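Structure record follows, encoded as structure tokens.
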Amino acid sequence: MAIIGQDILQAKSILEAGELVAIPTETVYGLAGNALNPTAVASIFETKNRPSFDPLIIHVPSLMFAENYVNEIPATLRRLAEEFWPGPLTLLLPRNKIIPDIVTSGLDRVAVRVPSHPLTLKLLGQLEFPLAAPSANPFGYISPTSPQHVDAQLGGKIPYILDGGACKVGLESTIVGMEGDEVIVYRLGGLEVSEIEKVVGKVSVKSHSSSNPQAPGLLESHYAPTKPFIIGDLDDLIKEHHGKDILCAVLSLDKSFSSIPDDYQIALSPSADLKEAATHLFSAMRTLDSSNVQVIVAELMPDKGLGRAINDRLRRASSKG
Ligand code: TXA
Ligand code: MG
């Protein structure tokens, strides 16, 4: 079983030996390995059961280190890096040849980010290589936002989980790149589109181009609980699904329902604060998924700010049906 601890030197020596460590970030926990070691990267894919056409993000301690792994940083994207790193922003940049093909699935761009978490920044600062790290969940399941989430599913497969507590943002990073002169958001995430637009002006959001591995965020069914997950009007859904024979769990932004036992309902933010809702989303989905119900019903958030990224995750969670 994995050791859960805060020993950066132990994490460092495991990574230097080509093995994997789960690392905390402000968004979600990552399953990290030496990005320059193709064997270590291959074991990330294997441990997650992830298809090899779905490329990985590399994590570096600063913009300066990012320069080592890319051919250039377009001025517009550099402004975003300067403004938002460390933070929940991933940039797609033209990669240089130091990065093995297995990291980018052979694509010309590499995804790079500087995560905002003190333990992980300290670890990255002591390593001589970047860390390739997808979210530390089995492929297709809900991303982990605590060391316990990682341990529950991958604990038997990795030696060490670096314990950085609960993730403060709770949604994966926003992925941004350029096509010609246009700035494109490929995955909605923890950095709001409006914040990006304050720095670079209007951007296009392409995050719904599902099942195209060229674009991130990717497969339509993702972030999915094992129970059927249905989105809609909660009063209607409860009427339809909650009955004598079927137990139904309810995920809402700020509501409570007298017909549903307390253990089977979670309001993500009683004050309807979307930032708070984002922080609680994945752990609420896990809690309801592991409860004794047959169906989970959920409502969409207001489509603004982080609500857009939360809605993206809710839709992907539901498409498995
Ligand atoms: O917040 C995050 O981004 C977390 C933490 C651990 O950093 N990581 C994360 O990684 O969410 P992952 O692998 O679960 O999602 C990364 C997404 C994938 O959908 C992948 O397809 C896309 O980024 N991606 C990675 N490299 C890419 C590339 N070169 N071109 C296009 N998409 C890429
Ligand atoms: Mg993921």
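Letters A, B, ... mark the chains of the structure tokens in the order given; residue numbers begin at 1 per chain; ligand numbers begin at 1, in order shown.
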Note to self: Which residues are near A:Ala166? Cut-off 9 Å, only C-alpha atoms, ignore same chain within fewer than 2 positions. Put them as number ranges by chain.
What the structure shows: A: 24, 26, 28, 145-147, 163-164, 168, 170, 279
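Selecting all polymer residues at most 9 Å from ligand 2, using only C-alpha atoms and all ligand atoms, gives Val28, Gly30, Pro134, Ser135, Ala136, Asn137, Pro138, Phe139, Gly140, Tyr141, Ile142, Ser143, Glu172, Gly217, His222 and Tyr223 of chain A.
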List every residue of chain A that has an atom at most 8 Å from any atom of ligand 1, giving for each one its closest atom pair and the distance in Å to one decimal, counting only C-alpha atoms and all ligand atoms, sorted by chain and then by ascending residue number, as a Markdown table.
```
| residue | atom | partner | partner_atom_place_in_ligand_line | distance |
| --- | --- | --- | --- | --- |
| A:Ile23 | CA | ligand 1 | 6 (C) | 7.7 |
| A:Pro24 | CA | ligand 1 | 6 (C) | 7.7 |
| A:Thr25 | CA | ligand 1 | 5 (C) | 6.4 |
| A:Glu26 | CA | ligand 1 | 1 (O) | 7.6 |
| A:Thr27 | CA | ligand 1 | 1 (O) | 4.8 |
| A:Val28 | CA | ligand 1 | 5 (C) | 5.4 |
| A:Tyr29 | CA | ligand 1 | 6 (C) | 5.2 |
| A:Gly30 | CA | ligand 1 | 6 (C) | 3.6 |
| A:Leu31 | CA | ligand 1 | 6 (C) | 6.9 |
| A:Asp54 | CA | ligand 1 | 21 (O) | 4.7 |
| A:Pro55 | CA | ligand 1 | 26 (N) | 4.2 |
| A:Leu56 | CA | ligand 1 | 25 (C) | 4.3 |
| A:Ile57 | CA | ligand 1 | 25 (C) | 4.9 |
| A:Ile58 | CA | ligand 1 | 7 (O) | 8.0 |
| A:His59 | CA | ligand 1 | 7 (O) | 7.1 |
| A:Pro88 | CA | ligand 1 | 1 (O) | 6.1 |
| A:Leu89 | CA | ligand 1 | 3 (O) | 7.5 |
| A:Thr90 | CA | ligand 1 | 3 (O) | 6.5 |
| A:Leu92 | CA | ligand 1 | 29 (N) | 6.1 |
| A:Leu93 | CA | ligand 1 | 29 (N) | 7.8 |
| A:Val103 | CA | ligand 1 | 26 (N) | 7.5 |
| A:Thr104 | CA | ligand 1 | 29 (N) | 4.8 |
| A:Ser105 | CA | ligand 1 | 29 (N) | 7.3 |
| A:Leu107 | CA | ligand 1 | 29 (N) | 5.6 |
| A:Asp108 | CA | ligand 1 | 29 (N) | 6.8 |
| A:Arg109 | CA | ligand 1 | 29 (N) | 4.5 |
| A:Val110 | CA | ligand 1 | 29 (N) | 4.0 |
| A:Ala111 | CA | ligand 1 | 26 (N) | 4.4 |
| A:Val112 | CA | ligand 1 | 26 (N) | 7.9 |
| A:Arg113 | CA | ligand 1 | 7 (O) | 7.1 |
| A:Pro115 | CA | ligand 1 | 7 (O) | 6.6 |
| A:Ala133 | CA | ligand 1 | 6 (C) | 5.4 |
| A:Pro134 | CA | ligand 1 | 13 (O) | 3.3 |
| A:Ser135 | CA | ligand 1 | 14 (O) | 4.1 |
| A:Ala136 | CA | ligand 1 | 6 (C) | 7.1 |
| A:Ser143 | CA | ligand 1 | 14 (O) | 7.6 |
| A:Leu171 | CA | ligand 1 | 1 (O) | 6.7 |
| A:Glu172 | CA | ligand 1 | 1 (O) | 3.4 |
| A:Ser173 | CA | ligand 1 | 1 (O) | 3.7 |
| A:Thr174 | CA | ligand 1 | 3 (O) | 7.0 |
| A:Ile175 | CA | ligand 1 | 23 (O) | 6.9 |
| A:Tyr186 | CA | ligand 1 | 32 (N) | 7.7 |
| A:Arg187 | CA | ligand 1 | 19 (O) | 7.6 |
| A:Gly189 | CA | ligand 1 | 1 (O) | 7.7 |
| A:Gly190 | CA | ligand 1 | 1 (O) | 7.7 |
| A:Pro213 | CA | ligand 1 | 21 (O) | 6.0 |
| A:Gln214 | CA | ligand 1 | 31 (C) | 5.4 |
| A:Ala215 | CA | ligand 1 | 31 (C) | 4.9 |
| A:Pro216 | CA | ligand 1 | 21 (O) | 3.8 |
| A:Gly217 | CA | ligand 1 | 19 (O) | 3.8 |
| A:Leu218 | CA | ligand 1 | 19 (O) | 5.2 |
| A:Leu219 | CA | ligand 1 | 19 (O) | 7.9 |
```
Notebook entry, point to check: If you count only C-alpha atoms, which residues fall within 8 Å of A:Ala249, apart from same-chain ones fewer than 4 positions away, as an NGL selection string?
Noted result: :A and (260 or 264-265 or 288 or 293 or 295-297)
Generate the output file for the selected residues, all heavy atoms, as a tab-separated table (two decimals), in the first residue's frame.
```
chain	number	residue	atom	x	y	z
A	260	ILE	N	-35.77	13.70	0.72
A	260	ILE	CA	-34.54	12.91	0.57
A	260	ILE	C	-33.79	12.87	1.91
A	260	ILE	O	-33.56	13.92	2.51
A	260	ILE	CB	-33.61	13.55	-0.50
A	260	ILE	CG1	-34.34	13.71	-1.85
A	260	ILE	CG2	-32.30	12.77	-0.66
A	260	ILE	CD1	-34.56	12.43	-2.60
A	264	TYR	N	-28.17	11.38	1.69
A	264	TYR	CA	-28.22	11.18	0.24
A	264	TYR	C	-28.32	12.48	-0.53
A	264	TYR	O	-28.65	12.49	-1.71
A	264	TYR	CB	-29.40	10.29	-0.13
A	264	TYR	CG	-29.32	8.89	0.45
A	264	TYR	CD1	-30.48	8.19	0.74
A	264	TYR	CD2	-28.10	8.29	0.69
A	264	TYR	CE1	-30.42	6.91	1.28
A	264	TYR	CE2	-28.02	7.02	1.23
A	264	TYR	CZ	-29.18	6.33	1.52
A	264	TYR	OH	-29.11	5.07	2.04
A	265	GLN	N	-28.09	13.61	0.15
A	265	GLN	CA	-28.11	14.87	-0.61
A	265	GLN	C	-26.95	15.77	-0.19
A	265	GLN	O	-26.60	15.84	0.98
A	265	GLN	CB	-29.43	15.59	-0.45
A	265	GLN	CG	-29.85	15.93	0.96
A	265	GLN	CD	-31.19	16.67	0.98
A	265	GLN	OE1	-31.41	17.58	0.17
A	265	GLN	NE2	-32.07	16.28	1.86
A	288	LEU	N	-21.46	10.54	-2.95
A	288	LEU	CA	-22.77	10.04	-3.37
A	288	LEU	C	-22.62	8.73	-4.15
A	288	LEU	O	-23.44	7.82	-4.03
A	288	LEU	CB	-23.50	11.09	-4.21
A	288	LEU	CG	-23.83	12.40	-3.46
A	288	LEU	CD1	-24.54	13.38	-4.38
A	288	LEU	CD2	-24.67	12.14	-2.21
A	293	VAL	N	-27.20	4.12	-3.03
A	293	VAL	CA	-28.31	4.53	-3.90
A	293	VAL	C	-28.16	3.88	-5.27
A	293	VAL	O	-27.10	3.35	-5.58
A	293	VAL	CB	-28.35	6.08	-4.09
A	293	VAL	CG1	-28.55	6.78	-2.75
A	293	VAL	CG2	-27.09	6.57	-4.79
A	295	VAL	N	-29.25	5.67	-8.15
A	295	VAL	CA	-29.16	6.74	-9.14
A	295	VAL	C	-28.69	8.02	-8.45
A	295	VAL	O	-29.04	8.25	-7.29
A	295	VAL	CB	-30.56	7.04	-9.73
A	295	VAL	CG1	-30.49	8.12	-10.80
A	295	VAL	CG2	-31.21	5.81	-10.29
A	296	ILE	N	-27.92	8.84	-9.17
A	296	ILE	CA	-27.59	10.18	-8.66
A	296	ILE	C	-28.21	11.19	-9.62
A	296	ILE	O	-28.04	11.08	-10.84
A	296	ILE	CB	-26.06	10.41	-8.61
A	296	ILE	CG1	-25.38	9.32	-7.77
A	296	ILE	CG2	-25.75	11.80	-8.04
A	296	ILE	CD1	-23.86	9.31	-7.91
A	297	VAL	N	-28.93	12.16	-9.06
A	297	VAL	CA	-29.47	13.23	-9.92
A	297	VAL	C	-28.79	14.54	-9.52
A	297	VAL	O	-28.44	14.75	-8.36
A	297	VAL	CB	-31.02	13.35	-9.82
A	297	VAL	CG1	-31.66	12.05	-10.27
A	297	VAL	CG2	-31.47	13.71	-8.43
```
Checklist line | Spatial neighbours of A:Leu306, 8 Å, only C-alpha atoms, chain gap at least 2 places, as a list of chain:residue names | finding: A:Gly189, A:Gly190, A:Leu191, A:Glu192, A:Leu274, A:Lys275, A:Ala278, A:Lys304, A:Arg308, A:Ala309, A:Ile310
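Taking only C-alpha atoms, the non-local environment of stretch 230-240 of chain A within 7 Å (same-chain residues fewer than 6 positions away omitted) comprises Ile296, Val297, Ala298, Glu299, Leu300, Ser318 and Gly321 of chain A.
Of the listed residues (A:Asp289, A:Asp151, A:Glu82, A:Glu67), A:Asp289 comes nearest to A:Ala224; the distances count only C-alpha atoms.
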Next item on the list: Name the residues of stretch 61-268 of chain A that fall into alpha helix (DSSP H) according to DSSP on the backbone, using the chain letters and numbers of this document, as a ChimeraX atom specification.
Entry: /A:63-66,75-84,101-104,118-126,147-154,193-200,234-241
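Comparing the minimum interatomic distances between A:Ala75 and each of A:Met285, A:Val200, A:Ala267, A:Ile4, counting only C-alpha atoms, we find that A:Val200 sits nearest.
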Check: A:Leu119: which residues within 12 Å, counting only C-alpha atoms, same-chain residues fewer than 5 positions away excluded, as a list in words?
Finding: Gly5, Gln6, Asp7, Ile8, Leu9, Ala11, Lys12, Ala22, Ile23, Pro24, Thr25, Glu26, Pro61, Leu124, Gly125, Gln126, Ile161, Leu162, Asp163, Gly164 and Gly165 of chain A
Margin query: If you run DSSP on the backbone here, which positions in stretch 47-289 of chain A get strand (DSSP E or B)? Please write them as a PyMOL selection string.
Written below: chain A and resi 57-59+70+89-95+109-113+131-132+135+160-162+174-179+182-187+204-205+229-231+248-252+265-267
Next item on the list: Please provide the set of residues having any atom within 9 Å of A:Lys97, restricted to only C-alpha atoms, with same-chain residues fewer than 4 positions apart removed, written as a VMD selection string.
Entry: chain A and resid 69 to 71 101
Margin query: Counting only C-alpha atoms, which residue out of A:Glu16, A:Glu46, A:Glu197, A:Glu83 sits closest to A:Leu123?
Written below: A:Glu16
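Atom pair atom CA of A:Gly307 / atom CA of A:Val185 has a distance of 15.5 Å (rounded to one decimal).
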